[in-house]
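Participant: Pasting my_file.cif below, which is mmCIF, C-alpha atoms.
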data_coords
loop_
_atom_site.label_atom_id
_atom_site.label_comp_id
_atom_site.auth_asym_id
_atom_site.auth_seq_id
_atom_site.Cartn_x
_atom_site.Cartn_y
_atom_site.Cartn_z
CA MET A 10 -12.88 108.34 56.44
CA SER A 11 -15.06 105.29 56.44
CA ARG A 12 -13.64 101.85 56.16
CA PRO A 13 -15.59 98.65 55.98
CA THR A 14 -14.96 96.45 58.99
CA HIS A 15 -14.05 92.84 58.54
CA GLY A 16 -15.06 91.44 61.90
CA LEU A 17 -16.11 88.01 60.75
CA ARG A 18 -13.15 87.61 58.38
CA ASP A 19 -10.72 88.55 61.18
CA TRP A 20 -12.49 86.28 63.67
CA LEU A 21 -12.09 83.38 61.24
CA LEU A 22 -8.46 84.26 60.37
CA GLN A 23 -7.61 84.35 64.07
CA ARG A 24 -8.97 80.84 64.55
CA LEU A 25 -7.50 79.30 61.40
CA THR A 26 -4.04 80.69 62.23
CA ALA A 27 -4.50 79.55 65.84
CA ILE A 28 -5.05 75.96 64.70
CA TYR A 29 -1.90 75.98 62.57
CA LEU A 30 0.16 77.63 65.33
CA ALA A 31 -1.07 75.06 67.87
CA LEU A 32 -0.33 72.11 65.56
CA PHE A 33 3.18 73.39 64.75
CA LEU A 34 3.96 74.10 68.42
CA GLY A 35 2.62 70.67 69.38
CA TYR A 36 4.95 69.12 66.79
CA LEU A 37 7.92 71.15 68.15
CA LEU A 38 7.23 70.11 71.74
CA LEU A 39 6.81 66.46 70.78
CA HIS A 40 9.99 66.52 68.71
CA PHE A 41 12.07 67.97 71.56
CA LEU A 42 10.60 65.53 74.06
CA ILE A 43 11.41 62.52 71.87
CA GLN A 44 14.84 63.65 70.73
CA PRO A 45 16.38 66.62 72.51
CA GLN A 46 19.03 68.19 70.30
CA HIS A 47 22.35 68.80 71.91
CA SER A 48 24.58 69.38 68.91
CA PHE A 49 24.55 72.20 66.38
CA GLN A 50 24.61 69.74 63.48
CA GLU A 51 21.46 67.89 64.61
CA TRP A 52 19.59 71.16 65.16
CA HIS A 53 20.80 72.71 61.89
CA ASP A 54 19.98 69.63 59.78
CA TRP A 55 16.49 69.39 61.27
CA MET A 56 15.70 73.11 60.87
CA THR A 57 17.00 73.31 57.29
CA HIS A 58 15.11 70.28 55.99
CA PRO A 59 12.96 71.63 53.10
CA ALA A 60 9.69 70.49 54.73
CA MET A 61 10.70 72.20 57.97
CA ILE A 62 11.65 75.41 56.13
CA ILE A 63 8.22 75.55 54.48
CA ALA A 64 6.39 74.68 57.73
CA THR A 65 8.39 77.35 59.61
CA ALA A 66 7.75 79.97 56.91
CA LEU A 67 4.00 79.26 57.21
CA PHE A 68 4.35 79.48 60.99
CA ILE A 69 5.96 82.92 60.70
CA LEU A 70 3.21 84.16 58.38
CA ALA A 71 0.56 82.77 60.76
CA VAL A 72 2.26 84.53 63.70
CA LEU A 73 2.15 87.84 61.80
CA VAL A 74 -1.59 87.55 61.03
CA HIS A 75 -2.49 86.19 64.49
CA GLY A 76 -0.34 88.78 66.24
CA TRP A 77 -1.82 91.64 64.25
CA VAL A 78 -5.47 90.69 64.84
CA GLY A 79 -4.83 89.99 68.53
CA MET A 80 -2.80 93.11 69.28
CA ARG A 81 -5.26 95.28 67.35
CA ASP A 82 -8.16 93.89 69.39
CA VAL A 83 -6.31 94.65 72.62
CA VAL A 84 -5.44 98.21 71.53
CA LEU A 85 -9.00 98.95 70.33
CA ASP A 86 -10.35 97.73 73.67
CA TYR A 87 -8.08 99.70 75.97
CA VAL A 88 -6.85 102.76 74.04
CA GLN A 89 -9.61 105.30 73.48
CA SER A 90 -7.71 108.26 72.02
CA VAL A 91 -7.69 108.09 68.22
CA ARG A 92 -4.25 109.66 67.89
CA LEU A 93 -2.70 107.27 70.41
CA ARG A 94 -4.46 104.34 68.74
CA ILE A 95 -3.00 105.18 65.34
CA THR A 96 0.47 105.63 66.85
CA ILE A 97 0.44 102.33 68.74
CA LEU A 98 -1.14 100.37 65.87
CA SER A 99 1.50 101.75 63.49
CA LEU A 100 4.29 100.69 65.85
CA ILE A 101 2.78 97.21 66.15
CA ALA A 102 2.43 96.88 62.37
CA LEU A 103 6.02 98.04 61.83
CA THR A 104 7.32 95.62 64.46
CA LEU A 105 5.43 92.69 62.94
CA ILE A 106 6.51 93.50 59.37
CA GLY A 107 10.11 93.97 60.53
CA CYS A 108 10.10 90.69 62.46
CA GLY A 109 8.50 88.92 59.48
CA ILE A 110 11.12 90.14 57.00
CA TRP A 111 13.92 89.35 59.45
CA ALA A 112 12.69 85.79 60.13
CA LEU A 113 11.84 84.93 56.51
CA ARG A 114 15.22 86.27 55.32
CA LEU A 115 16.88 84.10 57.92
CA LEU A 116 15.04 81.04 56.58
CA VAL A 117 16.08 81.84 53.00
CA GLN A 118 19.70 82.28 54.10
CA VAL A 119 19.94 79.00 56.01
CA SER A 120 18.12 77.01 53.33
CA GLY A 121 20.34 78.13 50.45
CA MET B 19 -33.61 111.27 74.82
CA THR B 20 -32.26 111.12 78.29
CA THR B 21 -29.22 109.09 78.98
CA GLN B 22 -29.67 107.04 82.05
CA ARG B 23 -27.13 104.77 83.57
CA SER B 24 -28.77 101.69 84.94
CA ALA B 25 -25.62 99.61 85.33
CA PRO B 26 -23.77 100.25 88.56
CA VAL B 27 -20.29 101.71 88.07
CA TYR B 28 -18.01 100.08 90.56
CA LEU B 29 -14.41 99.81 89.54
CA ASN B 30 -12.54 99.16 92.75
CA LEU B 31 -10.33 96.42 91.34
CA LEU B 32 -9.43 95.15 94.79
CA ARG B 33 -13.07 94.45 95.59
CA ILE B 34 -14.16 92.99 92.27
CA ARG B 35 -13.96 89.22 92.42
CA PHE B 36 -13.15 87.77 89.05
CA PRO B 37 -14.71 84.46 88.06
CA VAL B 38 -12.08 81.89 87.13
CA GLY B 39 -12.92 82.13 83.42
CA ALA B 40 -12.21 85.87 83.50
CA VAL B 41 -8.76 85.18 84.91
CA THR B 42 -8.09 82.69 82.09
CA SER B 43 -9.31 85.24 79.57
CA ILE B 44 -7.30 88.23 80.78
CA ALA B 45 -4.23 86.02 81.16
CA HIS B 46 -4.74 84.97 77.53
CA ARG B 47 -4.49 88.64 76.56
CA ILE B 48 -1.53 89.41 78.80
CA SER B 49 0.37 86.34 77.59
CA GLY B 50 -0.44 87.29 73.99
CA VAL B 51 1.02 90.77 74.45
CA LEU B 52 4.11 89.30 76.16
CA LEU B 53 4.60 86.89 73.25
CA PHE B 54 4.36 89.77 70.79
CA LEU B 55 6.96 91.72 72.77
CA SER B 56 9.32 88.74 72.91
CA LEU B 57 9.21 88.12 69.14
CA PRO B 58 12.40 90.07 68.24
CA PHE B 59 14.28 88.33 71.01
CA LEU B 60 13.10 84.86 69.94
CA ILE B 61 14.05 85.51 66.30
CA TYR B 62 17.45 86.72 67.49
CA LEU B 63 17.97 83.45 69.39
CA LEU B 64 16.89 81.44 66.33
CA GLU B 65 19.32 83.36 64.12
CA LEU B 66 22.17 82.88 66.59
CA SER B 67 21.40 79.16 66.97
CA LEU B 68 21.63 78.55 63.21
CA ARG B 69 24.74 80.66 62.53
CA GLY B 70 27.32 78.05 63.58
CA PRO B 71 28.45 75.66 66.31
CA ASP B 72 29.96 78.45 68.44
CA SER B 73 26.92 80.71 68.42
CA PHE B 74 24.72 77.63 68.99
CA LYS B 75 26.62 77.08 72.24
CA GLN B 76 26.19 80.77 72.98
CA VAL B 77 22.39 80.35 72.75
CA LEU B 78 22.49 77.45 75.23
CA ALA B 79 24.58 79.64 77.54
CA ILE B 80 22.11 82.54 77.24
CA VAL B 81 19.09 80.32 77.88
CA GLN B 82 20.73 78.66 80.89
CA ASN B 83 22.10 81.88 82.36
CA GLY B 84 20.83 82.34 85.91
CA TRP B 85 19.92 86.01 85.42
CA PHE B 86 17.94 85.18 82.38
CA VAL B 87 15.88 82.34 83.81
CA ALA B 88 13.13 84.59 85.20
CA GLY B 89 12.52 86.32 81.87
CA PHE B 90 12.65 83.11 79.91
CA THR B 91 10.29 81.40 82.36
CA LEU B 92 7.81 84.22 81.78
CA ILE B 93 8.00 83.64 78.01
CA ILE B 94 7.47 79.88 78.47
CA TRP B 95 4.47 80.53 80.73
CA SER B 96 3.05 82.96 78.15
CA LEU B 97 3.42 80.39 75.40
CA LEU B 98 1.89 77.55 77.44
CA HIS B 99 -0.98 79.60 78.85
CA HIS B 100 -1.75 81.15 75.46
CA LEU B 101 -1.67 77.71 73.81
CA LEU B 102 -3.79 75.94 76.44
CA SER B 103 -6.38 78.70 76.89
CA GLY B 104 -6.45 79.11 73.11
CA ILE B 105 -7.32 75.44 72.70
CA ARG B 106 -10.02 75.90 75.37
CA PHE B 107 -11.50 78.89 73.48
CA LEU B 108 -11.47 76.94 70.21
CA LEU B 109 -13.29 74.03 71.88
CA ILE B 110 -15.87 76.42 73.33
CA ASP B 111 -16.27 77.90 69.81
CA ILE B 112 -17.32 74.49 68.52
CA GLU B 113 -19.61 74.15 71.54
CA GLN B 114 -17.53 71.76 73.59
CA GLY B 115 -17.61 72.38 77.33
CA VAL B 116 -19.85 75.44 77.18
CA ALA B 117 -21.92 74.48 80.25
CA LEU B 118 -20.95 76.67 83.20
CA GLN B 119 -19.60 73.91 85.40
CA GLN B 120 -17.47 72.40 82.62
CA ALA B 121 -16.24 75.82 81.49
CA ARG B 122 -15.19 76.67 85.06
CA ARG B 123 -13.45 73.34 85.43
CA SER B 124 -11.50 73.74 82.18
CA ALA B 125 -10.57 77.32 83.16
CA TRP B 126 -9.11 76.05 86.45
CA LEU B 127 -7.32 73.29 84.59
CA VAL B 128 -5.69 75.79 82.17
CA ASN B 129 -4.77 78.28 84.92
CA ILE B 130 -3.06 75.60 86.98
CA LEU B 131 -1.59 73.46 84.20
CA ALA B 132 0.24 76.40 82.54
CA PRO B 133 2.45 77.30 85.56
CA VAL B 134 3.00 73.62 86.42
CA LEU B 135 4.17 72.81 82.87
CA THR B 136 6.25 76.01 82.89
CA LEU B 137 8.14 74.81 85.96
CA ALA B 138 8.59 71.39 84.35
CA CYS B 139 9.92 72.99 81.15
CA SER B 140 12.29 75.31 83.01
CA TRP B 141 13.55 72.36 85.04
CA TRP B 142 14.10 70.38 81.85
CA ILE B 143 15.94 73.19 80.02
CA LEU B 144 18.24 74.08 82.93
#
Please express the file's structure as structure tokens.
Facilitator:
Amino acid sequence: MSRPTHGLRDWLLQRLTAIYLALFLGYLLLHFLIQPQHSFQEWHDWMTHPAMIIATALFILAVLVHGWVGMRDVVLDYVQSVRLRITILSLIALTLIGCGIWALRLLVQVSG
Amino acid sequence: MTTQRSAPVYLNLLRIRFPVGAVTSIAHRISGVLLFLSLPFLIYLLELSLRGPDSFKQVLAIVQNGWFVAGFTLIIWSLLHHLLSGIRFLLIDIEQGVALQQARRSAWLVNILAPVLTLACSWWIL
């Protein structure tokens, strides 16, 4: 089975998602430094603001892409057996998809 | 064609001395894998924190639990190291700080800053 490789596309995806992840994390850190949230209401209102829901959904999608490219690179570098590679990559993909559905569903639930 | 190995094979890890940039790089990988592994746990905490005032307090209790501090500190270090070394790699990609001396200096900076900020964060949370 031959499959075209998408090295350059993945390289670029990894960097574009990295920039978004870094910006979002920087915003989170800054926000918590300026106003630490001690009550549920403050935290809930901030997290369920429509802009924050959209930004967090994008963050989750970026984590999925970034995590997949990164974990795949690590597995391809250190796991030589094809069978083991396929097994581990499948587990990683399932974990990421599961986490993605879980987190996005959570966002939909709290926003509605 | 004869296959000839010209590169020396020497894999005694205790005797290989890693340049500082290699430490930053491998730690970027290790922290990335740790972050991947902690994903389900982090989503669980997020879910719990948004469920209601009582479970929000439960999250604070979990995060501040003495037994849990070590694990959580490791996650914070992973996040900070991955973020800082990631920024360093992105800067090197756009040809900032590529010169050996600068690259070594920024690698040291990342390797030291990540644990220092981790301690500061842990202190602040607890």
Participant: Need to verify the contact set: Phe49 (chain A), 8 Å, all atoms listed in the file, exclusion of same-chain residues closer than 6 positions in sequence. Can you return it as a PyMOL selection string?
Facilitator: chain B and resi 67-68+70-71+74-75
Participant: Would you mind telling me which residue in B:Leu52, B:Leu118, B:Val87, B:Leu131 lies nearest to chain A when using only C-alpha atoms?
Facilitator: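 Checking each candidate against chain A, we get B:Leu52 as the closest.
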Participant: Out of B:His46, B:Leu108, B:Arg35, B:Leu92, which residue has the shortest atom-to-atom distance to Asn129 (chain B) when counting only C-alpha atoms?
Facilitator: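 Smallest distance to Asn129 (chain B) is found for B:His46.
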Participant: Going by the chain IDs and residue numbers used in this file, which residues fall under the PyMOL selection byres ((chain A and resi 78) around 12)? Write them as number ranges by chain.
Facilitator: A: 15-24, 26-27, 71-77, 79-85, 98, 101-102, 105; B: 47, 50-51, 54
Participant: Can you sort out the box for region 44-56 of chain A, edges along x, y and z, all listed atoms in, 6 Å on every side, with centre and edge lengths in Å to one decimal, as JSON?
Facilitator:
{"center_x": 19.7, "center_y": 68.4, "center_z": 66.1, "size_x": 21.8, "size_y": 21.5, "size_z": 24.7}
Participant: Just say which residues the PyMOL selection byres ((chain A and resi 67) around 12) picks in this file, as an NGL selection string.
Facilitator: :A and (26 or 29-30 or 32-33 or 60-66 or 68-75 or 109 or 112-113 or 116)
Participant: Record the distance separating CA of Thr42 (chain B) and CA of Ala125 (chain B), expressed in Å with one decimal.
Facilitator: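 Between CA of Thr42 (chain B) and CA of Ala125 (chain B) the gap works out to 6.0 Å.
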Participant: Rounded to one decimal, what separation in Å do you get between CA of Leu97 (chain B) and CA of Leu63 (chain B)?
Facilitator: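 Interatomic distance, CA of Leu97 (chain B) to CA of Leu63 (chain B): 16.0 Å.
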Participant: In Å, with one decimal, what is the gap from CA of Ile143 (chain B) to CA of Leu55 (chain B)?
Facilitator: 21.8 Å
Participant: Nearest to chain B among A:Gln44, A:Leu103, A:Met56, A:Thr14, with distances taken over only C-alpha atoms: which residue is it?
Facilitator: A:Met56
Participant: For the file shown, what are the residues hit by the PyMOL selection byres ((chain B and resi 101) around 10), laid out as a short mmCIF file (atom, residue, chain, number, x, y, z; two decimals) with C-alpha atoms, keeping the file's coordinate frame?
Facilitator:
data_model
loop_
_atom_site.label_atom_id
_atom_site.label_comp_id
_atom_site.auth_asym_id
_atom_site.auth_seq_id
_atom_site.Cartn_x
_atom_site.Cartn_y
_atom_site.Cartn_z
CA ALA A 27 -4.50 79.55 65.84
CA ILE A 28 -5.05 75.96 64.70
CA LEU A 30 0.16 77.63 65.33
CA ALA A 31 -1.07 75.06 67.87
CA LEU A 34 3.96 74.10 68.42
CA GLY A 35 2.62 70.67 69.38
CA HIS B 46 -4.74 84.97 77.53
CA SER B 49 0.37 86.34 77.59
CA GLY B 50 -0.44 87.29 73.99
CA TRP B 95 4.47 80.53 80.73
CA SER B 96 3.05 82.96 78.15
CA LEU B 97 3.42 80.39 75.40
CA LEU B 98 1.89 77.55 77.44
CA HIS B 99 -0.98 79.60 78.85
CA HIS B 100 -1.75 81.15 75.46
CA LEU B 102 -3.79 75.94 76.44
CA SER B 103 -6.38 78.70 76.89
CA GLY B 104 -6.45 79.11 73.11
CA ILE B 105 -7.32 75.44 72.70
CA ARG B 106 -10.02 75.90 75.37
CA PHE B 107 -11.50 78.89 73.48
CA VAL B 128 -5.69 75.79 82.17
CA ALA B 132 0.24 76.40 82.54
#
Participant: For chain A, which residue among B:Ser24, B:Thr91, B:Ser56, B:Asn30 is the nearest when counting all atoms listed in the file?
Facilitator: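 Checking each of B:Ser24, B:Thr91, B:Ser56, B:Asn30 against chain A, counting all atoms listed in the file, the winner is B:Ser56.
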Participant: I'd like to know which of A:Gln50, A:Leu100, A:Tyr87, A:His40 is closest to chain B, using only C-alpha atoms.
Facilitator: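 Distance minimum relative to chain B lands on A:Gln50.
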Participant: Measuring atom to atom with only C-alpha atoms, identify which of A:Pro45, A:Cys108, A:Ser99, A:Arg114 is nearest to chain B.
Facilitator: A:Cys108
Participant: Output requested as a short mmCIF file (atom, residue, chain, number, x, y, z; two decimals), in the frame of the given file - region 65-89 of chain B, filled out with N, CA and C atoms.
Facilitator:
data_model
loop_
_atom_site.label_atom_id
_atom_site.label_comp_id
_atom_site.auth_asym_id
_atom_site.auth_seq_id
_atom_site.Cartn_x
_atom_site.Cartn_y
_atom_site.Cartn_z
N GLU B 65 18.25 82.98 65.05
CA GLU B 65 19.32 83.36 64.12
C GLU B 65 20.68 82.92 64.66
N LEU B 66 20.89 83.23 65.95
CA LEU B 66 22.17 82.88 66.59
C LEU B 66 22.37 81.37 66.59
N SER B 67 21.28 80.62 66.84
CA SER B 67 21.40 79.16 66.97
C SER B 67 21.73 78.50 65.64
N LEU B 68 21.41 79.16 64.52
CA LEU B 68 21.63 78.55 63.21
C LEU B 68 22.91 79.05 62.54
N ARG B 69 23.59 80.03 63.18
CA ARG B 69 24.74 80.66 62.53
C ARG B 69 25.95 79.72 62.48
N GLY B 70 26.17 78.95 63.55
CA GLY B 70 27.32 78.05 63.58
C GLY B 70 27.45 77.40 64.94
N PRO B 71 28.32 76.41 65.05
CA PRO B 71 28.45 75.66 66.31
C PRO B 71 28.75 76.56 67.51
N ASP B 72 29.58 77.59 67.30
CA ASP B 72 29.96 78.45 68.44
C ASP B 72 28.78 79.28 68.93
N SER B 73 28.05 79.89 67.98
CA SER B 73 26.92 80.71 68.42
C SER B 73 25.77 79.83 68.91
N PHE B 74 25.71 78.58 68.45
CA PHE B 74 24.72 77.63 68.99
C PHE B 74 24.98 77.42 70.48
N LYS B 75 26.27 77.25 70.82
CA LYS B 75 26.62 77.08 72.24
C LYS B 75 26.31 78.35 73.03
N GLN B 76 26.48 79.48 72.35
CA GLN B 76 26.19 80.77 72.98
C GLN B 76 24.70 80.85 73.37
N VAL B 77 23.83 80.35 72.47
CA VAL B 77 22.39 80.35 72.75
C VAL B 77 22.10 79.52 73.99
N LEU B 78 22.70 78.31 74.06
CA LEU B 78 22.49 77.45 75.23
C LEU B 78 22.94 78.18 76.49
N ALA B 79 24.07 78.90 76.38
CA ALA B 79 24.58 79.64 77.54
C ALA B 79 23.62 80.76 77.95
N ILE B 80 23.05 81.44 76.95
CA ILE B 80 22.11 82.54 77.24
C ILE B 80 20.87 81.98 77.94
N VAL B 81 20.32 80.89 77.36
CA VAL B 81 19.09 80.32 77.88
C VAL B 81 19.29 79.78 79.31
N GLN B 82 20.50 79.27 79.57
CA GLN B 82 20.73 78.66 80.89
C GLN B 82 21.35 79.63 81.89
N ASN B 83 21.53 80.88 81.47
CA ASN B 83 22.10 81.88 82.36
C ASN B 83 21.13 82.19 83.52
N GLY B 84 21.66 82.14 84.73
CA GLY B 84 20.83 82.34 85.91
C GLY B 84 20.01 83.62 85.89
N TRP B 85 20.62 84.72 85.42
CA TRP B 85 19.92 86.01 85.42
C TRP B 85 18.76 86.01 84.46
N PHE B 86 18.87 85.13 83.47
CA PHE B 86 17.94 85.18 82.38
C PHE B 86 16.75 84.26 82.61
N VAL B 87 16.90 83.36 83.57
CA VAL B 87 15.88 82.34 83.81
C VAL B 87 14.49 82.93 84.05
N ALA B 88 14.43 84.01 84.87
CA ALA B 88 13.13 84.59 85.20
C ALA B 88 12.41 85.06 83.94
N GLY B 89 13.12 85.81 83.09
CA GLY B 89 12.52 86.32 81.87
C GLY B 89 12.09 85.21 80.94
#
